[in-house]
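In what follows, a single structure is set out as structure tokens and then discussed.
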Amino acid sequence: MTEELARTPLHERHVAAGGKMVPFAGFAMPVQYPTGITAEHAAVREAAGLFDVSHMGEFNVAGPDALSLVQRLSVNDASTMDVGQAQYSAMCADDGGVIDDLIVYRFDDRYMLVVNASNREKDLEWVRRHTDGLDVSVEDVSDRTALIALQGPAAREILRPLSTPDVDEVRYYRFREGTVAGRPAVISGTGYTGEDGFELYVDAADAPGIWDALLEGGAEAGLIPAGLGARDSLRLEMGYALYGNDLDEEHTTLESGLGWVTKLDKGSAFVGRDALAAQKERGVERRLVGLRLEGKGFPRPGYPVVSDGEPVGQLTSGTVSPTLGVGVAMGYVRAGLAKPGASLQIDVRGRLIDAVVVRPPFYTDGSIRR
Amino acid sequence: MSDIPSDFLYTEEHEYLKPTGEEDVYQIGVTDYAQGELGDVVFVELPDAGTSFNQMDVFGTIEAVKAVSDLFSPVGGEVLEVNSALDDDPSLVNSDPYGAGWMVRMRVSDPSEIDGLLDADGYAAHIG
């Protein structure tokens, strides 16, 4: 490993806490702390966990034509958003392949696009390449922005005494500009775990102080830091797609379960729209599905999905669900087999394990407040 | 720092052999260092008692959240007993690798293979 890894503003906190640092999207990130992935996962399901997701990219889009640029790039319809609203979406290439999935935030004076760390450079270039004829500015503010995710059924009561405005002012997929532990923060009612919780966009320099205040204030309620390992198993239990595993440029939004955010008729053209409309017309040939294993085995990306002895697809993500105790996976299969309840098999290193197609989430008892 | 008991033998593949008191019979598992590197263990697949292996044969697999690893037979011999408790609670490998998290008891067929294993100092040097 010769490449120099970037560090988040919370790097020293992770090292001090015994975090096992691994390379992820060019950053040194904690995959787990000494508590272990299983315990961190359980903490988020039962109490709360604190995640450093500062590696994510944030772009500010401002100017008179900011909405036009967002509409040109986003498959979802940003024109319906209120100030203070967040919206899940994706950007597609001309052929409909997913460039990235993202969250769009509407502020009173700008939009903020939150993109995957692994795609930050590519996305910035992509966004800037599509500004022709628009009076708009695009600024990458990732380096000065830290992102802390507080997730779990106890998250709300942990944040309440530390935040203004009151946490109950922040509804699901809405955000407020306020303070946490006396420091400026964008408090967003979003997350990647299926639990109630918040994502806090803060200045990089303020991140360690906010991190400490949350851990101290939340200790009694069971808050612990949680790493990328738990983040992955938590999102998999919910069937949330991860770019680079389940989403990529080889698959369109219609194939990868993002049809619900793909607004072909939003009233303004967007990159990839024509290809997506044509694909919708003729029908998709493969589809991302959730698979629950009926037998013992650990599903991993790349394992073949089999039907009647024939390979019909491949897993893109998988784990043994810490909460459910069974293998859960996502993968692409031929569209005719992508029906909930369909019986398939997964080739787990030479053993065929029965699996059933499940409409996510796999885990349905989360505390998320929609 | 990981725990390396001084009276055990070790392999470069991070298995340990714990003397049982019975001649040529060892309890085998993975080291504290190995369980720390593997992270949370989810499944352990072990052979049936009575199965024989040559040195460096794959005798089982260990599935952790991050990766699957083969278990290599540190010596040739016959499996006398397997730890069935790992079926129900594979996390014993993490919580008590040298005790309740053991994997198999094995009778060594060629005791000279024992001489080629690492002692505690050698293993400590190996993991740096």
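Following the order of the structure tokens, first chain is A, next is B, and so on, with residues numbered from 1 inside each chain and ligands from 1 in the order they appear.
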
- Task: Up to 7 Å from chain A, what residues of chain B turn up? Count only C-alpha atoms and give them as a ChimeraX atom specification.
- Result: /B:39-40,65

- List the neighbours of A:Asp232 out to 9 Å using only C-alpha atoms; skip same-chain residues closer than 3 positions along the sequence, and give me the result as a PyMOL selection string. chain A and resi 192-193+227-229+235-237+242+319

Set the distance at 6 Å and use only C-alpha atoms: which residues neighbour stretch 4-13 of chain B once local chain neighbours fewer than 2 positions away are removed? I'd like the list as a PDB file with all heavy atoms, in the first residue's frame.
```pdb
ATOM      1  N   GLU B  15      -2.490 -20.968  13.763  1.00  0.00           N
ATOM      2  CA  GLU B  15      -3.145 -21.964  14.595  1.00  0.00           C
ATOM      3  C   GLU B  15      -2.254 -22.269  15.797  1.00  0.00           C
ATOM      4  O   GLU B  15      -1.041 -22.085  15.745  1.00  0.00           O
ATOM      5  CB  GLU B  15      -3.417 -23.240  13.787  1.00  0.00           C
ATOM      6  CG  GLU B  15      -4.611 -23.072  12.861  1.00  0.00           C
ATOM      7  CD  GLU B  15      -4.359 -23.624  11.467  1.00  0.00           C
ATOM      8  OE1 GLU B  15      -3.222 -23.999  11.155  1.00  0.00           O
ATOM      9  OE2 GLU B  15      -5.317 -23.660  10.702  1.00  0.00           O
ATOM     10  N   TYR B  16      -2.894 -22.726  16.857  1.00  0.00           N
ATOM     11  CA  TYR B  16      -2.114 -23.135  18.030  1.00  0.00           C
ATOM     12  C   TYR B  16      -2.361 -24.616  18.309  1.00  0.00           C
ATOM     13  O   TYR B  16      -3.401 -25.180  17.915  1.00  0.00           O
ATOM     14  CB  TYR B  16      -2.478 -22.298  19.269  1.00  0.00           C
ATOM     15  CG  TYR B  16      -3.869 -22.552  19.798  1.00  0.00           C
ATOM     16  CD1 TYR B  16      -4.123 -23.644  20.644  1.00  0.00           C
ATOM     17  CD2 TYR B  16      -4.921 -21.719  19.465  1.00  0.00           C
ATOM     18  CE1 TYR B  16      -5.401 -23.895  21.121  1.00  0.00           C
ATOM     19  CE2 TYR B  16      -6.187 -21.961  19.933  1.00  0.00           C
ATOM     20  CZ  TYR B  16      -6.432 -23.054  20.760  1.00  0.00           C
ATOM     21  OH  TYR B  16      -7.694 -23.295  21.219  1.00  0.00           O
ATOM     22  N   LEU B  17      -1.403 -25.243  18.960  1.00  0.00           N
ATOM     23  CA  LEU B  17      -1.543 -26.610  19.455  1.00  0.00           C
ATOM     24  C   LEU B  17      -1.302 -26.565  20.953  1.00  0.00           C
ATOM     25  O   LEU B  17      -0.217 -26.172  21.402  1.00  0.00           O
ATOM     26  CB  LEU B  17      -0.533 -27.554  18.795  1.00  0.00           C
ATOM     27  CG  LEU B  17      -0.740 -27.831  17.310  1.00  0.00           C
ATOM     28  CD1 LEU B  17      -0.077 -26.752  16.466  1.00  0.00           C
ATOM     29  CD2 LEU B  17      -0.202 -29.217  16.941  1.00  0.00           C
ATOM     30  N   LYS B  18      -2.321 -26.950  21.689  1.00  0.00           N
ATOM     31  CA  LYS B  18      -2.226 -26.918  23.148  1.00  0.00           C
ATOM     32  C   LYS B  18      -2.058 -28.358  23.636  1.00  0.00           C
ATOM     33  O   LYS B  18      -2.900 -29.212  23.329  1.00  0.00           O
ATOM     34  CB  LYS B  18      -3.518 -26.313  23.695  1.00  0.00           C
ATOM     35  CG  LYS B  18      -3.653 -26.268  25.202  1.00  0.00           C
ATOM     36  CD  LYS B  18      -5.054 -25.700  25.534  1.00  0.00           C
ATOM     37  CE  LYS B  18      -5.247 -25.542  27.027  1.00  0.00           C
ATOM     38  NZ  LYS B  18      -6.569 -24.928  27.298  1.00  0.00           N
ATOM     39  N   LEU B 117       7.236 -26.895  14.361  1.00  0.00           N
ATOM     40  CA  LEU B 117       6.303 -25.808  14.699  1.00  0.00           C
ATOM     41  C   LEU B 117       7.013 -24.692  15.460  1.00  0.00           C
ATOM     42  O   LEU B 117       8.132 -24.863  15.951  1.00  0.00           O
ATOM     43  CB  LEU B 117       5.149 -26.375  15.531  1.00  0.00           C
ATOM     44  CG  LEU B 117       4.319 -27.460  14.822  1.00  0.00           C
ATOM     45  CD1 LEU B 117       3.301 -28.066  15.793  1.00  0.00           C
ATOM     46  CD2 LEU B 117       3.603 -26.891  13.600  1.00  0.00           C
ATOM     47  N   LEU B 118       6.348 -23.558  15.546  1.00  0.00           N
ATOM     48  CA  LEU B 118       6.912 -22.404  16.254  1.00  0.00           C
ATOM     49  C   LEU B 118       6.620 -22.514  17.749  1.00  0.00           C
ATOM     50  O   LEU B 118       5.554 -22.996  18.141  1.00  0.00           O
ATOM     51  CB  LEU B 118       6.278 -21.111  15.733  1.00  0.00           C
ATOM     52  CG  LEU B 118       6.466 -20.793  14.245  1.00  0.00           C
ATOM     53  CD1 LEU B 118       5.542 -19.641  13.845  1.00  0.00           C
ATOM     54  CD2 LEU B 118       7.921 -20.436  13.964  1.00  0.00           C
ATOM     55  N   ASP B 119       7.552 -22.047  18.550  1.00  0.00           N
ATOM     56  CA  ASP B 119       7.222 -21.867  19.971  1.00  0.00           C
ATOM     57  C   ASP B 119       6.672 -20.447  20.160  1.00  0.00           C
ATOM     58  O   ASP B 119       6.532 -19.687  19.190  1.00  0.00           O
ATOM     59  CB  ASP B 119       8.437 -22.164  20.859  1.00  0.00           C
ATOM     60  CG  ASP B 119       9.592 -21.203  20.615  1.00  0.00           C
ATOM     61  OD1 ASP B 119       9.393 -20.178  19.913  1.00  0.00           O
ATOM     62  OD2 ASP B 119      10.696 -21.472  21.126  1.00  0.00           O
ATOM     63  N   ALA B 120       6.336 -20.120  21.396  1.00  0.00           N
ATOM     64  CA  ALA B 120       5.675 -18.829  21.640  1.00  0.00           C
ATOM     65  C   ALA B 120       6.527 -17.651  21.179  1.00  0.00           C
ATOM     66  O   ALA B 120       6.014 -16.707  20.569  1.00  0.00           O
ATOM     67  CB  ALA B 120       5.329 -18.693  23.128  1.00  0.00           C
TER      68      ALA B 120
END
```

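Take the candidates A:Leu234, A:Ile103, A:Ala90, A:Ala342 and check each one against A:Gly194 using only C-alpha atoms; the shortest distance goes to A:Leu234.
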
- Task: Work out how far atom CA of A:Glu255 is from atom CA of A:Arg359, in Å to one decimal.
- Result: 14.2 Å

- Message: Let's see if you can do this: from backbone DSSP, list all alpha helix (DSSP H) residues in stretch 169-346 of chain A, as a PyMOL selection string.
- Response: chain A and resi 207-218+228-238+273-282

- Item | Distance of atom CA of A:Ser54 from atom CA of A:Asp203, expressed in Å to one decimal place |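 Those two atoms sit 10.3 Å apart.
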
Please provide the set of residues having any atom within 9 Å of A:Arg292, restricted to only C-alpha atoms, with same-chain residues fewer than 3 positions apart removed, written as a PDB file with all heavy atoms, in the first residue's frame.
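File written: part34.pdb
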```
ATOM      1  N   VAL A 326     -29.542 -15.146   9.836  1.00  0.00           N
ATOM      2  CA  VAL A 326     -29.533 -15.875   8.559  1.00  0.00           C
ATOM      3  C   VAL A 326     -28.789 -15.062   7.510  1.00  0.00           C
ATOM      4  O   VAL A 326     -28.626 -13.844   7.647  1.00  0.00           O
ATOM      5  CB  VAL A 326     -30.968 -16.164   8.047  1.00  0.00           C
ATOM      6  CG1 VAL A 326     -31.729 -17.016   9.045  1.00  0.00           C
ATOM      7  CG2 VAL A 326     -31.714 -14.865   7.760  1.00  0.00           C
ATOM      8  N   GLY A 327     -28.354 -15.748   6.465  1.00  0.00           N
ATOM      9  CA  GLY A 327     -27.677 -15.065   5.384  1.00  0.00           C
ATOM     10  C   GLY A 327     -28.655 -14.181   4.625  1.00  0.00           C
ATOM     11  O   GLY A 327     -29.759 -14.616   4.284  1.00  0.00           O
ATOM     12  N   VAL A 328     -28.259 -12.945   4.368  1.00  0.00           N
ATOM     13  CA  VAL A 328     -29.056 -12.040   3.540  1.00  0.00           C
ATOM     14  C   VAL A 328     -28.128 -11.468   2.475  1.00  0.00           C
ATOM     15  O   VAL A 328     -26.955 -11.223   2.736  1.00  0.00           O
ATOM     16  CB  VAL A 328     -29.730 -10.914   4.351  1.00  0.00           C
ATOM     17  CG1 VAL A 328     -30.712 -11.491   5.359  1.00  0.00           C
ATOM     18  CG2 VAL A 328     -28.709 -10.036   5.057  1.00  0.00           C
ATOM     19  N   ALA A 329     -28.676 -11.295   1.283  1.00  0.00           N
ATOM     20  CA  ALA A 329     -27.823 -10.887   0.175  1.00  0.00           C
ATOM     21  C   ALA A 329     -28.619 -10.057  -0.814  1.00  0.00           C
ATOM     22  O   ALA A 329     -29.854 -10.025  -0.789  1.00  0.00           O
ATOM     23  CB  ALA A 329     -27.246 -12.116  -0.520  1.00  0.00           C
ATOM     24  N   MET A 330     -27.881  -9.384  -1.688  1.00  0.00           N
ATOM     25  CA  MET A 330     -28.488  -8.706  -2.822  1.00  0.00           C
ATOM     26  C   MET A 330     -27.715  -9.122  -4.065  1.00  0.00           C
ATOM     27  O   MET A 330     -26.522  -9.397  -4.007  1.00  0.00           O
ATOM     28  CB  MET A 330     -28.431  -7.186  -2.633  1.00  0.00           C
ATOM     29  CG  MET A 330     -29.264  -6.732  -1.435  1.00  0.00           C
ATOM     30  SD  MET A 330     -28.997  -5.014  -0.998  1.00  0.00           S
ATOM     31  CE  MET A 330     -29.921  -4.229  -2.296  1.00  0.00           C
ATOM     32  N   ASP A 354     -30.184 -23.098  -0.647  1.00  0.00           N
ATOM     33  CA  ASP A 354     -31.478 -22.561  -1.070  1.00  0.00           C
ATOM     34  C   ASP A 354     -31.637 -21.128  -0.587  1.00  0.00           C
ATOM     35  O   ASP A 354     -31.210 -20.768   0.520  1.00  0.00           O
ATOM     36  CB  ASP A 354     -32.618 -23.413  -0.493  1.00  0.00           C
ATOM     37  CG  ASP A 354     -32.689 -24.783  -1.161  1.00  0.00           C
ATOM     38  OD1 ASP A 354     -32.138 -24.932  -2.269  1.00  0.00           O
ATOM     39  OD2 ASP A 354     -33.288 -25.699  -0.562  1.00  0.00           O
ATOM     40  N   ALA A 355     -32.275 -20.333  -1.423  1.00  0.00           N
ATOM     41  CA  ALA A 355     -32.512 -18.930  -1.071  1.00  0.00           C
ATOM     42  C   ALA A 355     -33.856 -18.511  -1.647  1.00  0.00           C
ATOM     43  O   ALA A 355     -34.314 -19.071  -2.651  1.00  0.00           O
ATOM     44  CB  ALA A 355     -31.400 -18.042  -1.624  1.00  0.00           C
ATOM     45  N   VAL A 356     -34.474 -17.548  -1.008  1.00  0.00           N
ATOM     46  CA  VAL A 356     -35.770 -17.073  -1.471  1.00  0.00           C
ATOM     47  C   VAL A 356     -35.686 -15.580  -1.751  1.00  0.00           C
ATOM     48  O   VAL A 356     -35.003 -14.844  -1.024  1.00  0.00           O
ATOM     49  CB  VAL A 356     -36.890 -17.418  -0.450  1.00  0.00           C
ATOM     50  CG1 VAL A 356     -36.619 -16.781   0.892  1.00  0.00           C
ATOM     51  CG2 VAL A 356     -38.254 -17.055  -0.982  1.00  0.00           C
ATOM     52  N   VAL A 357     -36.332 -15.159  -2.822  1.00  0.00           N
ATOM     53  CA  VAL A 357     -36.340 -13.743  -3.179  1.00  0.00           C
ATOM     54  C   VAL A 357     -37.257 -12.993  -2.200  1.00  0.00           C
ATOM     55  O   VAL A 357     -38.396 -13.411  -1.966  1.00  0.00           O
ATOM     56  CB  VAL A 357     -36.834 -13.537  -4.625  1.00  0.00           C
ATOM     57  CG1 VAL A 357     -36.960 -12.048  -4.949  1.00  0.00           C
ATOM     58  CG2 VAL A 357     -35.886 -14.218  -5.605  1.00  0.00           C
ATOM     59  N   VAL A 358     -36.718 -11.935  -1.626  1.00  0.00           N
ATOM     60  CA  VAL A 358     -37.438 -11.163  -0.606  1.00  0.00           C
ATOM     61  C   VAL A 358     -37.474  -9.706  -1.032  1.00  0.00           C
ATOM     62  O   VAL A 358     -36.482  -9.171  -1.522  1.00  0.00           O
ATOM     63  CB  VAL A 358     -36.708 -11.269   0.758  1.00  0.00           C
ATOM     64  CG1 VAL A 358     -37.318 -10.331   1.777  1.00  0.00           C
ATOM     65  CG2 VAL A 358     -36.734 -12.702   1.262  1.00  0.00           C
ATOM     66  N   PHE A 362     -35.142  -6.810   4.860  1.00  0.00           N
ATOM     67  CA  PHE A 362     -35.114  -8.105   5.530  1.00  0.00           C
ATOM     68  C   PHE A 362     -35.517  -7.933   6.989  1.00  0.00           C
ATOM     69  O   PHE A 362     -36.149  -8.787   7.576  1.00  0.00           O
ATOM     70  CB  PHE A 362     -33.692  -8.688   5.486  1.00  0.00           C
ATOM     71  CG  PHE A 362     -33.175  -8.939   4.096  1.00  0.00           C
ATOM     72  CD1 PHE A 362     -32.268  -8.068   3.509  1.00  0.00           C
ATOM     73  CD2 PHE A 362     -33.597 -10.048   3.374  1.00  0.00           C
ATOM     74  CE1 PHE A 362     -31.783  -8.315   2.235  1.00  0.00           C
ATOM     75  CE2 PHE A 362     -33.117 -10.292   2.093  1.00  0.00           C
ATOM     76  CZ  PHE A 362     -32.213  -9.415   1.522  1.00  0.00           C
TER      77      PHE A 362
END
```

- Query: Using only C-alpha atoms, which residues sit within 12 Å of B:Glu23 once same-chain residues fewer than 5 positions away are excluded, as a ChimeraX atom specification?
  - Reply: /B:18,106-109,111

Please, could you write that set of residues out with C-alpha atoms as a PDB file, in the first residue's frame?
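The resulting file, out.pdb, is reproduced below:
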```pdb
ATOM      1  CA  LYS B  18      -2.226 -26.918  23.148  1.00  0.00           C
ATOM      2  CA  MET B 106      -6.020 -34.378  17.158  1.00  0.00           C
ATOM      3  CA  ARG B 107      -3.657 -37.330  17.591  1.00  0.00           C
ATOM      4  CA  VAL B 108      -0.400 -36.601  15.783  1.00  0.00           C
ATOM      5  CA  SER B 109       0.698 -39.435  13.491  1.00  0.00           C
ATOM      6  CA  PRO B 111       5.588 -36.599  16.216  1.00  0.00           C
TER       7      PRO B 111
END
```

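Nearest-residue note for A:Lys280: choosing from A:Gly267, A:Arg370, A:Leu254, A:Glu157, the minimum distance belongs to A:Leu254, counting only C-alpha atoms.
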
- Could you give me, as a list of chain:residue names, the residues within 8 Å of B:Tyr98, counting only C-alpha atoms and dropping anything in the same chain fewer than 5 positions from it? B:Gly29, B:Val30, B:Thr31, B:Asp32

- Query: What is the distance, in Å and to one decimal place, between atom CA of A:His251 and atom CA of A:Gln279?
  - Reply: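 Straight-line distance from atom CA of A:His251 to atom CA of A:Gln279 works out to 11.4 Å.
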
- Non-local contacts of A:Arg120 (8 Å; only C-alpha atoms; under 5 positions in same chain excluded) as a PyMOL selection string: chain A and resi 56-57+115

Restrict the selected residues to all heavy atoms and save them as a compact mmCIF listing (two decimals), in the first residue's frame.
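The result, stored in selection32.txt:
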```
# COMPACT_ATOMS: atom_id res chain seq x y z
N MET A 56 -17.77 10.98 2.96
CA MET A 56 -18.75 11.32 1.93
C MET A 56 -18.42 12.68 1.31
O MET A 56 -17.84 13.54 1.96
CB MET A 56 -20.16 11.38 2.53
CG MET A 56 -20.62 10.10 3.21
SD MET A 56 -21.01 8.75 2.07
CE MET A 56 -22.61 9.27 1.48
N GLY A 57 -18.82 12.86 0.05
CA GLY A 57 -18.56 14.12 -0.63
C GLY A 57 -19.77 15.05 -0.56
O GLY A 57 -20.91 14.59 -0.60
N VAL A 115 -22.64 12.91 -2.03
CA VAL A 115 -22.29 11.80 -2.93
C VAL A 115 -21.35 10.82 -2.23
O VAL A 115 -20.76 11.13 -1.20
CB VAL A 115 -21.63 12.33 -4.22
CG1 VAL A 115 -22.53 13.34 -4.91
CG2 VAL A 115 -20.26 12.95 -3.93
```

- When distances are computed from only C-alpha atoms, which of B:Leu92, B:Ile28, B:Leu86, B:Ala49 shows the smallest separation from B:Ser73?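 Between B:Leu92, B:Ile28, B:Leu86, B:Ala49, the residue approaching B:Ser73 most closely is B:Ile28.
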